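The file my_file-v3.cif comes next; it holds mmCIF, C-alpha atoms and all ligand atoms.
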```
data_structure
loop_
_atom_site.label_atom_id
_atom_site.label_comp_id
_atom_site.auth_asym_id
_atom_site.auth_seq_id
_atom_site.Cartn_x
_atom_site.Cartn_y
_atom_site.Cartn_z
CA MET A 1 -8.72 41.85 -26.32
CA GLY A 2 -11.82 40.27 -24.75
CA ASN A 3 -11.53 37.41 -22.33
CA GLU A 4 -12.81 35.03 -24.99
CA ILE A 5 -10.05 36.01 -27.33
CA PHE A 6 -7.39 35.46 -24.76
CA LYS A 7 -8.77 32.01 -24.11
CA ASN A 8 -9.71 30.96 -27.61
CA GLY A 9 -7.90 33.48 -29.74
CA ARG A 10 -5.65 32.24 -32.43
CA ILE A 11 -2.75 34.65 -32.63
CA LEU A 12 -2.11 34.92 -28.92
CA ARG A 13 -2.26 31.17 -28.49
CA LYS A 14 0.06 30.30 -31.30
CA ARG A 15 2.51 33.05 -31.12
CA ARG A 16 2.44 35.20 -28.10
CA ASN A 17 0.45 33.87 -25.20
CA ALA A 18 3.48 32.42 -23.48
CA ASP A 19 5.45 35.50 -24.35
CA LEU A 20 2.91 37.86 -22.83
CA GLU A 21 2.83 35.87 -19.61
CA LYS A 22 6.51 36.59 -19.02
CA ASN A 23 5.96 39.39 -16.57
CA GLY A 24 8.57 41.84 -15.39
CA MET A 25 10.71 41.77 -18.54
CA LEU A 26 11.45 44.34 -21.21
CA ARG A 27 10.68 43.03 -24.70
CA HIS A 28 10.94 44.63 -28.12
CA ASP A 29 8.93 44.70 -31.35
CA VAL A 30 5.81 43.27 -29.76
CA ASP A 31 2.79 42.93 -32.03
CA LEU A 32 -0.12 45.05 -30.71
CA TYR A 33 -2.82 43.84 -33.10
CA MET A 34 -4.56 41.58 -30.57
CA LEU A 35 -4.08 44.13 -27.80
CA ASN A 36 -6.43 46.79 -29.16
CA THR A 37 -10.13 46.49 -30.01
CA LEU A 38 -9.83 48.91 -32.94
CA LYS A 39 -7.67 46.20 -34.57
CA ILE A 40 -4.86 48.49 -35.57
CA LYS A 41 -1.75 46.79 -36.87
CA ALA A 42 1.14 48.23 -34.89
CA LYS A 43 4.26 47.17 -33.02
CA ALA A 44 5.60 48.35 -29.69
CA LYS A 45 9.32 49.07 -29.80
CA ASP A 46 9.41 48.51 -26.04
CA PHE A 47 6.94 46.44 -24.05
CA PHE A 48 6.79 45.47 -20.38
CA THR A 49 4.17 43.31 -18.62
CA ILE A 50 3.16 43.81 -15.00
CA GLY A 51 1.93 40.69 -13.19
CA SER A 52 2.86 41.64 -9.64
CA GLU A 53 3.91 44.56 -7.47
CA ALA A 54 7.50 43.34 -7.73
CA ASP A 55 7.27 43.88 -11.50
CA LEU A 56 6.37 47.51 -10.85
CA LEU A 57 9.57 47.92 -8.87
CA SER A 58 11.54 46.29 -11.72
CA LEU A 59 9.87 48.75 -14.10
CA TYR A 60 10.79 51.65 -11.83
CA ASN A 61 14.44 50.50 -11.77
CA LEU A 62 14.45 50.01 -15.54
CA CYS A 63 13.10 53.54 -16.15
CA LYS A 64 15.79 54.95 -13.87
CA ARG A 65 18.56 52.86 -15.38
CA GLU A 66 17.60 53.70 -18.96
CA ASN A 67 17.03 57.32 -17.99
CA PHE A 68 13.62 57.33 -19.71
CA ASN A 69 12.59 60.54 -17.94
CA LYS A 70 15.47 62.55 -19.36
CA GLN A 71 15.00 61.06 -22.84
CA GLY A 72 11.37 62.21 -22.75
CA LYS A 73 10.23 58.61 -23.37
CA LYS A 74 6.49 58.31 -22.89
CA ILE A 75 5.04 55.51 -20.79
CA PHE A 76 1.61 54.10 -21.58
CA ALA A 77 -0.27 51.74 -19.26
CA LEU A 78 -2.31 49.36 -21.39
CA GLY A 79 -5.39 47.49 -20.19
CA GLU A 80 -7.53 45.79 -22.82
CA GLY A 81 -6.81 48.47 -25.42
CA SER A 82 -10.53 49.25 -25.87
CA ASN A 83 -10.08 52.99 -25.59
CA THR A 84 -6.73 53.29 -27.30
CA VAL A 85 -5.59 54.29 -30.78
CA PHE A 86 -2.09 53.19 -31.69
CA ALA A 87 -1.33 56.14 -33.92
CA GLY A 88 1.71 54.80 -35.74
CA ARG A 89 2.97 51.48 -37.14
CA GLU A 90 5.83 51.60 -34.65
CA VAL A 91 4.85 52.89 -31.24
CA ASP A 92 7.66 54.76 -29.50
CA ALA A 93 6.11 54.88 -26.04
CA LEU A 94 7.00 52.13 -23.58
CA ILE A 95 3.84 50.02 -23.45
CA VAL A 96 3.19 48.68 -19.95
CA LYS A 97 0.60 45.89 -20.11
CA ILE A 98 -1.28 45.51 -16.84
CA ASN A 99 -1.89 41.88 -15.89
CA LEU A 100 -2.51 42.33 -12.15
CA LYS A 101 -5.26 39.95 -11.01
CA GLY A 102 -7.39 39.35 -7.91
CA ARG A 103 -10.44 40.62 -6.05
CA TYR A 104 -10.92 40.69 -2.29
CA LEU A 105 -13.81 41.54 -0.02
CA VAL A 106 -12.09 43.92 2.37
CA ASN A 107 -14.89 45.24 4.57
CA HIS A 108 -18.63 45.38 5.08
CA ASP A 109 -21.27 46.93 7.31
CA ASN A 110 -25.07 46.75 7.32
CA GLU A 111 -25.40 48.72 4.11
CA TYR A 112 -22.24 48.30 2.05
CA VAL A 113 -19.45 45.96 0.99
CA TRP A 114 -16.00 47.14 -0.01
CA VAL A 115 -14.22 45.11 -2.71
CA ASP A 116 -10.58 45.63 -3.65
CA VAL A 117 -10.01 44.66 -7.30
CA ALA A 118 -6.68 44.42 -9.13
CA ALA A 119 -6.30 46.64 -12.18
CA GLY A 120 -5.87 43.85 -14.73
CA GLU A 121 -9.22 42.18 -14.01
CA LEU A 122 -11.79 42.57 -16.77
CA PHE A 123 -14.40 45.12 -15.70
CA ARG A 124 -17.31 43.22 -17.27
CA ASP A 125 -16.38 40.00 -15.41
CA PHE A 126 -16.20 41.90 -12.15
CA VAL A 127 -19.58 43.57 -12.74
CA LEU A 128 -21.19 40.20 -13.41
CA TRP A 129 -19.63 38.79 -10.24
CA THR A 130 -21.04 41.68 -8.15
CA CYS A 131 -24.51 41.09 -9.64
CA GLU A 132 -24.34 37.34 -9.08
CA ASN A 133 -23.56 38.07 -5.44
CA GLY A 134 -26.49 40.48 -5.18
CA PHE A 135 -24.33 43.58 -4.69
CA SER A 136 -25.77 46.66 -6.31
CA GLY A 137 -24.36 49.75 -8.01
CA LEU A 138 -22.54 48.56 -11.11
CA GLU A 139 -25.33 46.64 -12.91
CA ASN A 140 -26.05 49.48 -15.37
CA LEU A 141 -22.37 49.31 -16.43
CA ALA A 142 -22.57 45.66 -17.49
CA ALA A 143 -20.76 44.48 -20.61
CA ILE A 144 -18.43 47.46 -20.97
CA TYR A 145 -15.09 46.49 -22.45
CA GLY A 146 -11.83 47.13 -20.63
CA THR A 147 -10.02 46.50 -17.39
CA VAL A 148 -10.82 47.60 -13.86
CA GLY A 149 -7.68 49.79 -13.78
CA ALA A 150 -8.85 51.83 -16.77
CA ALA A 151 -12.41 52.33 -15.48
CA PRO A 152 -11.61 55.32 -13.22
CA VAL A 153 -9.25 56.88 -15.80
CA GLN A 154 -12.10 58.31 -17.84
CA ASN A 155 -14.86 57.61 -15.29
CA ILE A 156 -16.67 55.20 -17.60
CA GLY A 157 -20.39 55.55 -17.81
CA ALA A 158 -23.53 54.17 -19.43
CA TYR A 159 -27.28 53.86 -18.86
CA GLY A 160 -27.50 56.64 -16.29
CA CYS A 161 -24.56 55.47 -14.16
CA GLU A 162 -20.89 56.40 -13.86
CA VAL A 163 -18.26 54.24 -12.21
CA ARG A 164 -17.44 57.05 -9.78
CA ASP A 165 -20.80 56.34 -8.09
CA CYS A 166 -19.27 53.11 -6.73
CA ILE A 167 -15.58 53.99 -6.26
CA ASP A 168 -14.29 54.37 -2.72
CA SER A 169 -10.61 54.90 -3.58
CA VAL A 170 -7.89 54.15 -6.11
CA ARG A 171 -4.41 52.82 -5.44
CA TYR A 172 -1.54 53.57 -7.82
CA PHE A 173 2.19 53.16 -8.21
CA ASP A 174 4.16 56.28 -9.04
CA LEU A 175 7.07 55.72 -11.41
CA ASN A 176 8.55 59.08 -10.35
CA ASP A 177 9.44 57.88 -6.87
CA GLY A 178 8.69 54.14 -6.79
CA GLN A 179 5.99 54.53 -4.10
CA PHE A 180 2.39 53.34 -3.81
CA TYR A 181 -0.36 55.88 -3.04
CA THR A 182 -4.07 55.64 -2.31
CA VAL A 183 -6.39 58.48 -3.31
CA SER A 184 -10.02 58.93 -2.35
CA ALA A 185 -12.79 59.23 -4.94
CA GLU A 186 -12.90 62.95 -4.18
CA GLU A 187 -9.19 63.32 -4.92
CA CYS A 188 -9.72 61.60 -8.28
CA LYS A 189 -11.75 64.69 -9.32
CA PHE A 190 -14.16 62.64 -11.38
CA ALA A 191 -16.22 64.41 -14.02
CA TYR A 192 -17.81 63.44 -17.35
CA ARG A 193 -15.24 61.09 -18.99
CA TYR A 194 -12.54 62.59 -16.79
CA SER A 195 -10.39 62.01 -13.70
CA VAL A 196 -6.93 63.18 -12.62
CA PHE A 197 -5.56 60.06 -14.33
CA LYS A 198 -6.93 60.94 -17.76
CA TYR A 199 -4.26 63.26 -19.12
CA GLN A 200 -1.34 62.32 -16.85
CA ASP A 201 2.12 61.59 -18.29
CA GLY A 202 1.93 57.81 -17.81
CA SER A 203 3.89 57.74 -14.57
CA LYS A 204 0.90 56.82 -12.38
CA ILE A 205 -0.03 53.19 -12.79
CA ILE A 206 -3.30 52.18 -11.17
CA THR A 207 -2.89 48.86 -9.35
CA ASN A 208 -6.23 48.50 -7.50
CA VAL A 209 -9.66 50.05 -7.38
CA ILE A 210 -11.64 49.80 -4.14
CA PHE A 211 -15.37 49.69 -4.85
CA LYS A 212 -18.14 50.45 -2.37
CA LEU A 213 -21.31 48.55 -3.31
CA LYS A 214 -24.77 48.45 -1.81
CA LYS A 215 -26.03 45.30 -0.13
CA ASN A 216 -29.61 46.31 -0.86
CA PHE A 217 -30.56 46.72 -4.48
CA VAL A 218 -31.78 50.09 -5.70
CA PHE A 219 -32.84 50.12 -9.35
CA ASN A 220 -31.28 53.06 -11.20
CA ASP A 221 -33.98 53.65 -13.81
CA SER A 222 -32.84 57.13 -14.84
CA TYR A 223 -32.14 55.92 -18.38
CA GLU A 224 -35.42 55.91 -20.24
CA ALA A 225 -34.82 52.94 -22.54
CA LEU A 226 -33.78 50.78 -19.60
CA ALA A 227 -36.73 51.87 -17.46
CA LYS A 228 -39.09 51.09 -20.36
CA SER A 229 -37.71 47.61 -20.79
CA PHE A 230 -38.75 46.82 -17.20
CA ALA A 231 -42.19 48.46 -17.50
CA ASN A 232 -43.97 45.10 -17.28
CA VAL A 233 -41.79 43.58 -14.57
CA LYS A 234 -42.87 43.70 -10.92
CA LYS A 235 -40.50 46.01 -8.97
CA THR A 236 -39.78 43.25 -6.43
CA ASP A 237 -38.72 40.86 -9.22
CA ILE A 238 -35.98 43.17 -10.49
CA THR A 239 -32.47 42.17 -9.36
CA PRO A 240 -28.96 43.48 -10.19
CA LEU A 241 -28.37 40.38 -12.32
CA LEU A 242 -31.59 40.91 -14.28
CA VAL A 243 -30.62 44.54 -14.94
CA ALA A 244 -27.10 43.50 -16.03
CA LYS A 245 -28.58 40.93 -18.42
CA LYS A 246 -31.01 43.46 -19.89
CA VAL A 247 -28.25 46.07 -20.33
CA THR A 248 -26.07 43.45 -22.04
CA GLU A 249 -28.93 42.54 -24.37
CA ILE A 250 -29.57 46.18 -25.30
CA ARG A 251 -25.87 46.85 -25.84
CA ASN A 252 -25.39 43.74 -27.97
CA GLY A 253 -28.32 44.83 -30.12
CA LYS A 254 -26.85 48.18 -31.05
CA LEU A 255 -23.06 48.14 -30.61
CA PRO A 256 -20.66 46.46 -33.02
CA ASP A 257 -18.76 43.48 -31.58
CA PRO A 258 -15.04 44.40 -31.77
CA ARG A 259 -14.22 40.78 -32.64
CA LYS A 260 -16.09 41.32 -35.91
CA PHE A 261 -15.76 45.06 -36.45
CA GLY A 262 -12.75 46.77 -34.90
CA ASN A 263 -13.87 49.73 -32.78
CA CYS A 264 -13.23 51.40 -29.45
CA GLY A 265 -16.76 52.41 -28.48
CA SER A 266 -17.71 56.08 -28.72
CA PHE A 267 -15.04 57.85 -30.71
CA PHE A 268 -15.98 61.36 -29.59
CA LYS A 269 -17.06 62.91 -26.31
CA ASN A 270 -20.37 64.78 -26.18
CA PRO A 271 -19.32 68.43 -26.47
CA VAL A 272 -20.40 71.04 -23.93
CA ILE A 273 -21.39 74.51 -25.20
CA SER A 274 -22.87 77.66 -23.71
CA LYS A 275 -26.65 78.08 -23.50
CA GLU A 276 -26.44 81.08 -25.81
CA HIS A 277 -24.65 79.05 -28.49
CA TYR A 278 -27.17 76.24 -28.00
CA ASN A 279 -30.17 78.57 -28.32
CA ASN A 280 -28.79 79.99 -31.57
CA LEU A 281 -28.39 76.49 -33.00
CA LYS A 282 -31.72 75.27 -31.65
CA ALA A 283 -33.46 78.09 -33.52
CA ILE A 284 -32.16 76.53 -36.75
CA TYR A 285 -32.13 72.82 -35.83
CA ASP A 286 -35.16 72.17 -33.67
CA ASP A 287 -34.50 68.41 -33.44
CA MET A 288 -31.03 68.94 -31.93
CA VAL A 289 -30.40 66.47 -29.08
CA ALA A 290 -28.99 68.09 -25.94
CA PHE A 291 -28.98 67.81 -22.14
CA GLU A 292 -28.58 70.37 -19.36
CA ASP A 293 -25.04 70.39 -17.97
CA GLY A 294 -24.87 72.92 -15.12
CA ASP A 295 -24.90 76.36 -16.72
CA ASN A 296 -24.12 74.82 -20.11
CA MET A 297 -25.60 72.32 -22.55
CA LYS A 298 -24.15 68.95 -23.49
CA ILE A 299 -24.82 68.19 -27.14
CA SER A 300 -25.19 64.67 -28.52
CA ALA A 301 -22.06 64.05 -30.60
CA ALA A 302 -23.97 61.26 -32.40
CA TRP A 303 -26.58 63.80 -33.54
CA LEU A 304 -23.88 66.20 -34.81
CA ILE A 305 -22.12 63.40 -36.70
CA GLU A 306 -25.35 62.15 -38.24
CA ARG A 307 -26.35 65.70 -39.23
CA CYS A 308 -23.01 66.06 -41.03
CA GLY A 309 -23.74 62.94 -43.06
CA PHE A 310 -21.14 60.60 -41.55
CA LYS A 311 -23.47 57.96 -40.07
CA GLY A 312 -22.86 54.81 -42.12
CA LYS A 313 -20.49 56.64 -44.48
CA LYS A 314 -17.46 54.54 -45.38
CA ILE A 315 -14.21 55.95 -46.78
CA ASN A 316 -11.08 53.80 -47.27
CA ASN A 317 -12.48 51.02 -45.09
CA VAL A 318 -13.30 53.36 -42.19
CA GLY A 319 -16.80 54.50 -41.31
CA MET A 320 -19.21 55.49 -38.58
CA TYR A 321 -21.38 52.52 -37.61
CA PRO A 322 -24.77 52.60 -39.39
CA LYS A 323 -26.67 51.76 -36.17
CA GLN A 324 -24.72 54.16 -33.91
CA ALA A 325 -23.18 57.28 -35.40
CA LEU A 326 -20.68 57.74 -32.54
CA ILE A 327 -18.78 54.53 -33.21
CA LEU A 328 -15.94 54.61 -35.67
CA VAL A 329 -15.44 51.18 -37.25
CA ASN A 330 -12.26 49.84 -38.75
CA TYR A 331 -13.49 47.63 -41.61
CA GLY A 332 -9.96 46.41 -42.37
CA VAL A 333 -7.65 49.38 -42.58
CA GLU A 334 -3.97 48.71 -43.23
CA ASN A 335 -2.93 52.30 -42.74
CA ILE A 336 -3.75 54.06 -39.44
CA GLY A 337 -3.56 57.35 -41.36
CA TYR A 338 -7.00 56.58 -42.86
CA ILE A 339 -8.58 56.35 -39.40
CA ILE A 340 -6.94 59.53 -38.18
CA SER A 341 -7.87 61.51 -41.29
CA TYR A 342 -11.48 60.23 -41.22
CA ALA A 343 -11.81 61.41 -37.60
CA GLU A 344 -10.23 64.75 -38.52
CA GLU A 345 -12.67 65.17 -41.39
CA ILE A 346 -15.56 64.77 -38.94
CA ILE A 347 -14.03 67.28 -36.51
CA LYS A 348 -13.53 69.79 -39.34
CA THR A 349 -17.05 69.37 -40.73
CA VAL A 350 -18.75 69.68 -37.33
CA LYS A 351 -16.71 72.80 -36.59
CA LEU A 352 -17.68 74.39 -39.90
CA LYS A 353 -21.36 73.57 -39.66
CA PHE A 354 -22.01 74.12 -35.94
CA ASP A 355 -18.92 75.94 -34.60
CA ILE A 356 -18.51 73.11 -32.08
CA ASP A 357 -15.21 71.39 -31.23
CA LEU A 358 -15.47 67.60 -31.12
CA VAL A 359 -12.82 65.92 -28.98
CA PRO A 360 -11.86 62.25 -29.48
CA GLU A 361 -12.56 60.03 -26.47
CA PRO A 362 -9.88 57.34 -27.00
CA HIS A 363 -6.23 57.89 -26.18
CA TYR A 364 -3.83 58.28 -29.11
CA VAL A 365 -0.43 56.70 -28.49
CA TYR A 366 2.60 57.43 -30.65
C1 LIG B 1 -17.74 48.14 -27.96
C2 LIG B 1 -17.28 49.11 -26.91
C3 LIG B 1 -18.20 49.76 -26.11
C4 LIG B 1 -17.79 50.67 -25.14
N1 LIG B 1 -18.73 51.26 -24.37
C5 LIG B 1 -18.37 52.16 -23.42
C6 LIG B 1 -19.36 52.77 -22.57
O1 LIG B 1 -20.54 52.46 -22.64
N2 LIG B 1 -18.94 53.68 -21.67
C7 LIG B 1 -17.62 54.03 -21.54
O2 LIG B 1 -17.32 54.86 -20.69
N3 LIG B 1 -16.68 53.46 -22.32
C8 LIG B 1 -17.00 52.54 -23.25
N4 LIG B 1 -16.06 51.97 -24.06
C9 LIG B 1 -14.65 52.40 -23.93
C10 LIG B 1 -13.80 51.47 -23.04
O3 LIG B 1 -14.43 50.25 -22.86
C11 LIG B 1 -13.49 52.08 -21.67
O4 LIG B 1 -12.90 53.34 -21.82
C12 LIG B 1 -12.57 51.19 -20.85
O5 LIG B 1 -12.47 51.67 -19.53
C13 LIG B 1 -11.16 51.07 -21.42
O6 LIG B 1 -10.48 50.06 -20.72
P1 LIG B 1 -9.16 49.40 -21.29
O7 LIG B 1 -8.61 48.50 -20.24
O8 LIG B 1 -9.40 48.79 -22.60
O9 LIG B 1 -8.24 50.71 -21.42
P2 LIG B 1 -7.08 50.99 -22.46
O10 LIG B 1 -7.64 51.30 -23.80
O11 LIG B 1 -6.06 49.93 -22.40
O12 LIG B 1 -6.51 52.34 -21.84
C14 LIG B 1 -7.33 53.49 -21.81
C15 LIG B 1 -6.62 54.59 -20.99
O13 LIG B 1 -6.50 54.18 -19.64
C16 LIG B 1 -5.13 54.15 -19.25
N5 LIG B 1 -4.95 52.99 -18.38
C17 LIG B 1 -5.32 51.71 -18.61
N6 LIG B 1 -5.00 50.94 -17.55
C18 LIG B 1 -4.39 51.77 -16.65
C19 LIG B 1 -3.80 51.57 -15.37
N7 LIG B 1 -3.80 50.37 -14.77
N8 LIG B 1 -3.23 52.64 -14.75
C20 LIG B 1 -3.24 53.87 -15.32
N9 LIG B 1 -3.77 54.11 -16.54
C21 LIG B 1 -4.35 53.07 -17.18
C22 LIG B 1 -4.36 54.02 -20.55
O14 LIG B 1 -3.03 54.48 -20.40
C23 LIG B 1 -5.20 54.88 -21.46
O15 LIG B 1 -4.91 56.24 -21.21
C24 LIG B 1 -16.42 50.99 -25.01
C25 LIG B 1 -15.49 50.34 -25.82
C26 LIG B 1 -15.91 49.40 -26.74
C27 LIG B 1 -14.89 48.70 -27.60
#
```

Let's see the structure in the file written out as structure tokens.
Amino acid sequence: MGNEIFKNGRILRKRRNADLEKNGMLRHDVDLYMLNTLKIKAKAKDFFTIGSEADLLSLYNLCKRENFNKQGKKIFALGEGSNTVFAGREVDALIVKINLKGRYLVNHDNEYVWVDVAAGELFRDFVLWTCENGFSGLENLAAIYGTVGAAPVQNIGAYGCEVRDCIDSVRYFDLNDGQFYTVSAEECKFAYRYSVFKYQDGSKIITNVIFKLKKNFVFNDSYEALAKSFANVKKTDITPLLVAKKVTEIRNGKLPDPRKFGNCGSFFKNPVISKEHYNNLKAIYDDMVAFEDGDNMKISAAWLIERCGFKGKKINNVGMYPKQALILVNYGVENIGYIISYAEEIIKTVKLKFDIDLVPEPHYVY
């Protein structure tokens, strides 16, 4: 899970650290408990770790040899497992753990630097490194769990910023033909919690993300709470590192730490509905929280969940976090079925009450 856990964690150290470092090998019955922040107890029937580009070629040959395509075997690239739900005790999909490391300054001009970062690097470590070096653009995304390779998959975002704002291009390996490709940010078709990588079949494994960062700091104060927290600070005293520290402080104050309470961040996406539908609801619920989204309205999923009575409500050791209604917490569930049925209960209730479809944000893997 987090960097700290890999370094200090008990289970990995005692039992599996050495095992997980054996890159480029197919292994079976691998315990996934420490590899997902929701703390689901599951095993991968088949597990492969990628530590180098050569390992990707071995994986390609293995998939061909075993005829995985024809068998319909799913492939699932795994980063830190902070946006993943292992939806069964035994996961059928081939889990491909991405351990690619490294970051390189590849170019710069008067305004920008370009940094090429390997997919297995932790995103939060990279963000801190950019801030410490005075590069600007990612500071509002400080302290987000997960790897660099997963960041473009759902175009992660927070505090008025999305990662697409700083992505120049993405490099991936295609298991269909064993070739590497580079796609521009435009070709990634980024949107709210979406990119072309989001619902792909697992054959495209992101190996590097090339970021374009500003040399001169521009404070993105579009998020009200963040702007307010700097109200008494002189504009010239604000730095990327200061912003990253403030964002981390705010996040730590309201989000559950997955090392204590298993969770994978927001469990549902904010749904988008037509203005007509919104106006009808607004006439009944005048405190409804919503934002303009082109011709439509984006509704706060947290508000919907709270209005349906799920905030802080615990059933079978699963519940929505009392301080943040969007976060589903695993308080010690043995059976993944309880998590899935709790989430389904929310979807059903929101649909009945508001005629709105909630869609889970994390990826379910079977
Ligand atoms: C406490 C907490 C707070 C969070 N806050 C936020 C937030 O503010 N904003 C936000 O957007 N998200 C947030 N998240 C969700 C999560 O951190 C991000 O979605 C993150 O990018 C997931 O990274 P990961 O490496 O853990 O991905 P995983 O869970 O391992 O994988 C997620 C998806 O990406 C795919 N994937 C992973 N690596 C690759 C690769 N190399 N190539 C191709 N596909 C790949 C997987 O197959 C899967 O589909 C939060 C999570 C937690 C636990």

What gap, in Å, lies between CA of Asp55 (chain A) and CA of Val153 (chain A)?
->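 Atom-to-atom, CA of Asp55 (chain A) to CA of Val153 (chain A), that is 21.5 Å.
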
Please give me, as an NGL selection string, the residues lying within 7 Å of ligand LIG 1 (chain B) when counting only C-alpha atoms and all ligand atoms.
-> :A and (37 or 76-84 or 98 or 119-120 or 144-151 or 153-158 or 193 or 197-198 or 202 or 204-207 or 255-258 or 263-266 or 362-363)

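Picture a line from CA of Ala325 (chain A) to CA of Phe310 (chain A); it runs 7.3 Å.
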
List every protein, DNA or RNA residue that has at least one atom no more than 12 Å from (-11.0, 68.8, -21.9) in the file's coordinates, counting only C-alpha atoms, and write the result as a list in words.
-> Gln154, Ala191, Tyr192, Arg193, Tyr194, Ser195, Val196, Lys198, Tyr199, Phe268, Lys269, Asn270, Pro271, Val272, Asp357, Leu358, Val359, Pro360 and Glu361 of chain A

Determine the nearest neighbour of Val365 (chain A) from the options A:Phe126, A:Ile336, A:Ala227, A:Gln179, counting only C-alpha atoms.
->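 Looking at the shortest contact to Val365 (chain A), the residue is A:Ile336.
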
Can you find the residues with an atom no farther than 9 Å from (-18.6, 55.7, -10.9), counting all atoms listed in the file, and report them as number ranges by chain?
-> A: 137-138, 151-152, 155-157, 161-167, 190

Write the residues you've just listed into a file as a PDB file, in the coordinates of the input, and include C-alpha atoms for each of them.
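After the write, selection-v4.pdb holds the following:
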```pdb
ATOM      1  CA  GLY A 137     -24.360  49.750  -8.010  1.00  0.00           C
ATOM      2  CA  LEU A 138     -22.540  48.560 -11.110  1.00  0.00           C
ATOM      3  CA  ALA A 151     -12.410  52.330 -15.480  1.00  0.00           C
ATOM      4  CA  PRO A 152     -11.610  55.320 -13.220  1.00  0.00           C
ATOM      5  CA  ASN A 155     -14.860  57.610 -15.290  1.00  0.00           C
ATOM      6  CA  ILE A 156     -16.670  55.200 -17.600  1.00  0.00           C
ATOM      7  CA  GLY A 157     -20.390  55.550 -17.810  1.00  0.00           C
ATOM      8  CA  CYS A 161     -24.560  55.470 -14.160  1.00  0.00           C
ATOM      9  CA  GLU A 162     -20.890  56.400 -13.860  1.00  0.00           C
ATOM     10  CA  VAL A 163     -18.260  54.240 -12.210  1.00  0.00           C
ATOM     11  CA  ARG A 164     -17.440  57.050  -9.780  1.00  0.00           C
ATOM     12  CA  ASP A 165     -20.800  56.340  -8.090  1.00  0.00           C
ATOM     13  CA  CYS A 166     -19.270  53.110  -6.730  1.00  0.00           C
ATOM     14  CA  ILE A 167     -15.580  53.990  -6.260  1.00  0.00           C
ATOM     15  CA  PHE A 190     -14.160  62.640 -11.380  1.00  0.00           C
TER      16      PHE A 190
END
```

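Picture a line from CA of Ile299 (chain A) to CA of Lys311 (chain A); it runs 16.5 Å.
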
Show which residues sit within 9 Å of Met297 (chain A), as a PyMOL selection string. Count all atoms listed in the file, and ignore same-chain residues fewer than 6 positions away.
-> chain A and resi 271-275+278+290-291

Taking only C-alpha atoms into account, which of A:Lys246, A:Arg259, A:Lys73, A:Lys189 comes nearest Ala143 (chain A)?
->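 Under the stated criterion, the closest residue is A:Lys246.
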